[in-house]
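Heads up, the thing below is written out as structure tokens.
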There are 4 protein chains.
Amino acid sequence: MDMIIEPYTRSVYYYETDRMGVVHHSNYIRWMEESRVDFLKKAGIPYDEIEASGYMIPVLGVSCKYRHSLNYGDEFVIMPEFDDYNGFKFNITYEIYNKNTKVLCASATSSHCFTDANMKPVRLIKANPELHQKFLSSMDIKYNFKK
Amino acid sequence: MDMIIEPYTRSVYYYETDRMGVVHHSNYIRWMEESRVDFLKKAGIPYDEIEASGYMIPVLGVSCKYRHSLNYGDEFVIMPEFDDYNGFKFNITYEIYNKNTKVLCASATSSHCFTDANMKPVRLIKANPELHQKFLSSMDIKYNFKK
Amino acid sequence: MDMIIEPYTRSVYYYETDRMGVVHHSNYIRWMEESRVDFLKKAGIPYDEIEASGYMIPVLGVSCKYRHSLNYGDEFVIMPEFDDYNGFKFNITYEIYNKNTKVLCASATSSHCFTDANMKPVRLIKANPELHQKFLSSMDIKYNFKK
Amino acid sequence: MDMIIEPYTRSVYYYETDRMGVVHHSNYIRWMEESRVDFLKKAGIPYDEIEASGYMIPVLGVSCKYRHSLNYGDEFVIMPEFDDYNGFKFNITYEIYNKNTKVLCASATSSHCFTDANMKPVRLIKANPELHQKFLSSMDIKYNFKK
């Protein structure tokens, strides 16, 4: 049976805007991190516990397409989806919506691996089968959001 | 005859690091902006003058591959290259090096268009042929940097 | 009768930490802004509406004393209190607590005035008596938080 | 004989502006850090070496008065001065000028102590007399800047 969670949502902060009057594009990369941390917490594998277990999940790459700008006062919704997980590497795709208008404002991806505390790559599937299983299960999580 | 310029270079700020001990990945997106603004200045088309002329150059998309981390105390070098300019849209590719070790730390791209002050797309080739010509010329700029 | 509101609360973001392992001190200044915007919304005078009415509330000064560090994974609570409002200028004091341990992590103040859209100072008491009255009333707001 | 150094100077980054059209006030706190790190380097006690020796210099408090705003395209100059050093704690005062107009844009202070790598306070005067001596000497540094 699928687990259903609320998407990540919050309002734009004033300091996230720039003199163009809209959110500076670099902040979307930070929001991606906020939303995947939120996802991991809701999936039962909070990132601070992952780090406490001796693992880190660095970002190998990011990409983001900006479709419609977000403004101060807007609320946004992010739905990260974990993808292509093979016990070693994985990708996350993100859709960022304006909560009020339901307009898709940005589509993004990030790619990740697992490392130990010294930043050496780790095959989670071997190193920590229990944590591996939790990541596997998180692939099936669905969102409570009507596009 | 090709114009030869110095690449963009500066040191990592302390507040750009995170608890992993290295530069947070989101800052590379900001450095890309710093380096393209620096490039435009060296190319004779400073961005504040572009804005003062009534044009903006929003970011349509970014992507970045992180290869080697940068640490506090490191100096980095960025060489943005303007590409695929057609008087309407263009891309910029970026190579980010550790200045001391000459290691390639990240490769990135950003895509852009021109808009007026109300963020409506503008064909620069028609709207401002003089500025268009300067962008065209900037494609040929080379860097004074030994990889 | 006093209005009672919930304090501003959220978790520390990963990108807000630095290589010391704790939250970078500059972020507290941003949190102060987040919390006063939240306060204004709860007080019935949302900041985006204030700006839409043609007023801005720039920051004239800030100060912050750091008492105990906050870490990734911590939740914090901020209780801004509006003070010394005279229809022209005002101060806000902030107490920032670790939500879980109830330890006071920082004490801060910011000072503000009102300006028009061109950043010229405005006496709100004369320029907009209705908005002035709302600011006056906000002085009496209390928090639902047990120290 | 007094040591004379160049003040810290750089241009405003686009992402440091906000929708008010000027530099967001929180960035001045980050610039203070940039300038004190620059000062320490010029004084012969680079901060990365201080950290490598096992010491940290956390920020105990900051305050900043904003006098005139800085805009995108502006260059600023910062002259941190080390003060009240007693081998245990010290203060730094900062004057932030618009490089072109010579207008004083902000005045600020930060207060600091020394800690070991576990963030326990350290009396540098006892723990590392050589480093202590360098800090003492840095009090006499003057700037090459005409106000």
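In the structure tokens, each chain is lettered A, B, ... as it comes, each chain's residues begin at 1, and ligands are numbered from 1 in order of appearance.
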
Chain B residues within 10 Å of chain D, counting only C-alpha atoms: which ones, as a PyMOL selection string? chain B and resi 11-16+30-31+33-34+37+46-49+72-74

Restricting the output to N, CA and C atoms, write the selected residues as an mmCIF file, in the first residue's frame.
```cif
data_model
loop_
_atom_site.group_PDB
_atom_site.id
_atom_site.type_symbol
_atom_site.label_atom_id
_atom_site.label_comp_id
_atom_site.auth_asym_id
_atom_site.auth_seq_id
_atom_site.Cartn_x
_atom_site.Cartn_y
_atom_site.Cartn_z
ATOM 1 N N SER B 11 38.597 34.039 -3.396
ATOM 2 C CA SER B 11 38.688 33.014 -2.357
ATOM 3 C C SER B 11 37.293 32.636 -1.868
ATOM 4 N N VAL B 12 37.193 31.439 -1.360
ATOM 5 C CA VAL B 12 35.960 30.964 -0.719
ATOM 6 C C VAL B 12 35.717 31.759 0.567
ATOM 7 N N TYR B 13 34.485 32.212 0.778
ATOM 8 C CA TYR B 13 34.140 32.875 2.040
ATOM 9 C C TYR B 13 33.755 31.818 3.080
ATOM 10 N N TYR B 14 34.022 32.154 4.338
ATOM 11 C CA TYR B 14 33.708 31.204 5.411
ATOM 12 C C TYR B 14 32.230 30.836 5.410
ATOM 13 N N TYR B 15 31.368 31.817 5.201
ATOM 14 C CA TYR B 15 29.918 31.573 5.267
ATOM 15 C C TYR B 15 29.426 30.764 4.057
ATOM 16 N N GLU B 16 30.283 30.462 3.123
ATOM 17 C CA GLU B 16 29.898 29.631 1.973
ATOM 18 C C GLU B 16 30.108 28.137 2.242
ATOM 19 N N ARG B 30 25.627 30.790 -7.512
ATOM 20 C CA ARG B 30 25.864 32.222 -7.296
ATOM 21 C C ARG B 30 27.198 32.657 -7.911
ATOM 22 N N TRP B 31 28.193 31.788 -7.812
ATOM 23 C CA TRP B 31 29.493 32.109 -8.415
ATOM 24 C C TRP B 31 29.369 32.223 -9.935
ATOM 25 N N GLU B 33 26.907 33.407 -11.532
ATOM 26 C CA GLU B 33 26.429 34.783 -11.766
ATOM 27 C C GLU B 33 27.558 35.794 -11.584
ATOM 28 N N GLU B 34 28.317 35.644 -10.495
ATOM 29 C CA GLU B 34 29.433 36.571 -10.278
ATOM 30 C C GLU B 34 30.366 36.593 -11.485
ATOM 31 N N VAL B 37 28.819 38.233 -14.710
ATOM 32 C CA VAL B 37 28.807 39.686 -14.546
ATOM 33 C C VAL B 37 30.214 40.238 -14.759
ATOM 34 N N PRO B 46 28.912 46.130 -19.292
ATOM 35 C CA PRO B 46 28.598 45.893 -17.877
ATOM 36 C C PRO B 46 27.104 45.737 -17.636
ATOM 37 N N TYR B 47 26.754 44.792 -16.778
ATOM 38 C CA TYR B 47 25.346 44.423 -16.601
ATOM 39 C C TYR B 47 24.514 45.562 -16.039
ATOM 40 N N ASP B 48 25.089 46.397 -15.176
ATOM 41 C CA ASP B 48 24.292 47.513 -14.650
ATOM 42 C C ASP B 48 23.923 48.488 -15.773
ATOM 43 N N GLU B 49 24.783 48.622 -16.782
ATOM 44 C CA GLU B 49 24.452 49.473 -17.929
ATOM 45 C C GLU B 49 23.382 48.817 -18.807
ATOM 46 N N TYR B 72 37.235 25.966 2.550
ATOM 47 C CA TYR B 72 37.581 27.279 3.055
ATOM 48 C C TYR B 72 39.093 27.472 2.918
ATOM 49 N N GLY B 73 39.480 28.631 2.430
ATOM 50 C CA GLY B 73 40.899 28.902 2.222
ATOM 51 C C GLY B 73 41.311 28.706 0.773
ATOM 52 N N ASP B 74 40.499 27.944 0.015
ATOM 53 C CA ASP B 74 40.809 27.736 -1.408
ATOM 54 C C ASP B 74 40.494 28.988 -2.223
#
```

Give the alpha helix (DSSP H) residues of chain B, as DSSP finds them on the backbone, and put them as number ranges by chain. B: 26-42, 47-52, 124-127, 129-138

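For the pair CA of Asn27 in chain A and CA of Glu75 in chain A, the separation is 14.0 Å.
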
Ala108 in chain A surroundings by only C-alpha atoms, 7 Å radius, close-in-sequence under 6 positions cut, as a PyMOL selection string: chain A and resi 63-65+93-95

Output of the above residues as an mmCIF file, in the first residue's frame, restricted to N, CA and C atoms:
```
data_model
loop_
_atom_site.group_PDB
_atom_site.id
_atom_site.type_symbol
_atom_site.label_atom_id
_atom_site.label_comp_id
_atom_site.auth_asym_id
_atom_site.auth_seq_id
_atom_site.Cartn_x
_atom_site.Cartn_y
_atom_site.Cartn_z
ATOM 1 N N SER A 63 20.226 20.372 -11.754
ATOM 2 C CA SER A 63 19.778 21.176 -12.896
ATOM 3 C C SER A 63 18.390 21.693 -12.575
ATOM 4 N N CYS A 64 18.086 22.856 -13.102
ATOM 5 C CA CYS A 64 16.792 23.482 -12.819
ATOM 6 C C CYS A 64 16.348 24.310 -14.016
ATOM 7 N N LYS A 65 15.103 24.101 -14.428
ATOM 8 C CA LYS A 65 14.510 24.951 -15.471
ATOM 9 C C LYS A 65 13.498 25.872 -14.824
ATOM 10 N N THR A 93 13.815 14.096 -8.654
ATOM 11 C CA THR A 93 13.198 15.113 -9.510
ATOM 12 C C THR A 93 12.274 15.965 -8.644
ATOM 13 N N TYR A 94 12.166 17.227 -9.019
ATOM 14 C CA TYR A 94 11.397 18.190 -8.223
ATOM 15 C C TYR A 94 10.462 18.971 -9.132
ATOM 16 N N GLU A 95 9.232 19.111 -8.701
ATOM 17 C CA GLU A 95 8.326 20.050 -9.348
ATOM 18 C C GLU A 95 7.989 21.115 -8.325
#
```

Long-range neighbours of Met20 in chain A as a list in words, 12 Å cut-off, only C-alpha atoms, 5 positions minimum in chain: His25, Ser69, Leu70, Asn71 and Tyr72 of chain A; Asp48, Glu51, Gly54, Tyr55, Met56, Ile57, Pro58, Val59, Thr115, Asp116, Ala117, Asn118 and Met119 of chain B; Tyr14, Tyr15, Glu16, Thr17, Asp18, Arg19, Met20, Gly21, Val22 and Tyr72 of chain D

In range 29-107 of chain B, what's strand (DSSP E or B) per DSSP? Answer as a PyMOL selection string? chain B and resi 55-56+59-66+71+75-83+89-98+104-107

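For Phe145 in chain A, the residues within 12 Å (counting only C-alpha atoms, excluding itself and residues fewer than 4 positions away along the chain) are Ile4, Ile5, Glu6, Pro7, Tyr8, Thr9, Val77, Ile78, Met79, Glu95, Ile96, Tyr97, Lys99 and Lys102 of chain A.
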
Write to file, as a PDB file, in the first residue's frame, the residues of the selection just made, with C-alpha atoms.
```pdb
ATOM      1  CA  ILE A   4       0.838   9.375   1.021  1.00  0.00           C
ATOM      2  CA  ILE A   5       2.510  12.536   2.339  1.00  0.00           C
ATOM      3  CA  GLU A   6       2.009  16.284   2.205  1.00  0.00           C
ATOM      4  CA  PRO A   7       4.332  18.128  -0.175  1.00  0.00           C
ATOM      5  CA  TYR A   8       6.892  20.595   1.167  1.00  0.00           C
ATOM      6  CA  THR A   9       5.455  24.080   1.331  1.00  0.00           C
ATOM      7  CA  VAL A  77       4.895  23.709  -3.032  1.00  0.00           C
ATOM      8  CA  ILE A  78       7.677  21.217  -3.825  1.00  0.00           C
ATOM      9  CA  MET A  79       7.249  17.529  -4.547  1.00  0.00           C
ATOM     10  CA  GLU A  95       8.326  20.050  -9.348  1.00  0.00           C
ATOM     11  CA  ILE A  96       7.931  23.491  -7.806  1.00  0.00           C
ATOM     12  CA  TYR A  97       4.434  24.967  -7.929  1.00  0.00           C
ATOM     13  CA  LYS A  99       0.576  27.045  -4.230  1.00  0.00           C
ATOM     14  CA  LYS A 102      -1.091  25.924  -9.236  1.00  0.00           C
TER      15      LYS A 102
END
```

Polymer residues at most 12 Å from Phe90 in chain A, only C-alpha atoms, same-chain spacing of 4 or more positions, as a ChimeraX atom specification: /A:57-61,81-86,109-114,123-124,132,135-136,138-139

Output the selection as a short mmCIF file (atom, residue, chain, number, x, y, z; two decimals), in the first residue's frame - N, CA and C atoms for each residue.
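part_37.cif, written as the output of this step:
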```
data_model
loop_
_atom_site.label_atom_id
_atom_site.label_comp_id
_atom_site.auth_asym_id
_atom_site.auth_seq_id
_atom_site.Cartn_x
_atom_site.Cartn_y
_atom_site.Cartn_z
N ILE A 57 25.20 12.37 2.15
CA ILE A 57 24.59 12.24 0.82
C ILE A 57 24.93 13.50 0.02
N PRO A 58 26.16 13.61 -0.46
CA PRO A 58 26.53 14.82 -1.20
C PRO A 58 25.75 14.94 -2.51
N VAL A 59 25.74 16.13 -3.02
CA VAL A 59 25.09 16.43 -4.30
C VAL A 59 26.14 16.30 -5.40
N LEU A 60 25.89 15.42 -6.36
CA LEU A 60 26.82 15.25 -7.49
C LEU A 60 26.51 16.21 -8.63
N GLY A 61 25.25 16.60 -8.71
CA GLY A 61 24.86 17.50 -9.78
C GLY A 61 23.46 18.03 -9.55
N GLU A 81 10.69 13.64 -5.91
CA GLU A 81 10.48 12.20 -6.09
C GLU A 81 11.82 11.51 -6.26
N PHE A 82 12.03 10.48 -5.43
CA PHE A 82 13.27 9.72 -5.49
C PHE A 82 13.18 8.72 -6.63
N ASP A 83 14.28 8.61 -7.36
CA ASP A 83 14.24 7.90 -8.63
C ASP A 83 15.58 7.20 -8.88
N ASP A 84 15.55 6.11 -9.68
CA ASP A 84 16.78 5.45 -10.15
C ASP A 84 17.70 5.04 -9.01
N TYR A 85 17.11 4.69 -7.89
CA TYR A 85 17.93 4.27 -6.76
C TYR A 85 18.45 2.86 -6.99
N ASN A 86 19.75 2.68 -6.86
CA ASN A 86 20.34 1.35 -7.07
C ASN A 86 21.22 0.90 -5.89
N THR A 109 16.22 18.61 -11.11
CA THR A 109 16.73 17.30 -10.72
C THR A 109 18.01 17.49 -9.92
N SER A 110 18.27 16.53 -9.06
CA SER A 110 19.58 16.48 -8.40
C SER A 110 20.03 15.03 -8.40
N SER A 111 21.34 14.81 -8.45
CA SER A 111 21.86 13.43 -8.40
C SER A 111 22.78 13.31 -7.19
N HIS A 112 22.76 12.15 -6.59
CA HIS A 112 23.40 11.94 -5.30
C HIS A 112 24.08 10.58 -5.21
N CYS A 113 25.02 10.47 -4.28
CA CYS A 113 25.56 9.17 -3.90
C CYS A 113 25.65 9.15 -2.37
N PHE A 114 26.10 8.05 -1.84
CA PHE A 114 26.33 7.94 -0.40
C PHE A 114 27.84 7.93 -0.14
N ARG A 123 28.65 1.86 -0.91
CA ARG A 123 27.51 1.15 -1.46
C ARG A 123 26.56 0.84 -0.32
N LEU A 124 25.50 1.62 -0.20
CA LEU A 124 24.61 1.50 0.94
C LEU A 124 24.01 0.09 1.01
N HIS A 132 19.29 0.91 3.44
CA HIS A 132 19.02 0.68 2.01
C HIS A 132 17.55 0.36 1.78
N PHE A 135 15.38 3.41 1.90
CA PHE A 135 15.48 4.22 0.68
C PHE A 135 14.65 3.59 -0.44
N LEU A 136 14.76 2.26 -0.56
CA LEU A 136 13.97 1.55 -1.57
C LEU A 136 12.48 1.86 -1.41
N SER A 138 11.06 4.35 -0.06
CA SER A 138 10.69 5.75 -0.25
C SER A 138 10.37 6.06 -1.71
N MET A 139 10.77 5.15 -2.62
CA MET A 139 10.47 5.36 -4.05
C MET A 139 8.97 5.37 -4.32
#
```

CA of Lys146 in chain D to CA of Ile45 in chain D, distance in Å rounded to a single decimal: 25.6 Å

Separation of CA of Ala52 in chain B from CA of Val122 in chain B in Å: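 Distance reported for this atom pair: 15.3 Å.
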
Give me the residues within 8 Å of Ala43 in chain A as a ChimeraX atom specification, counting only C-alpha atoms and dropping any in the same chain fewer than 4 places off. /A:39,134,138,141
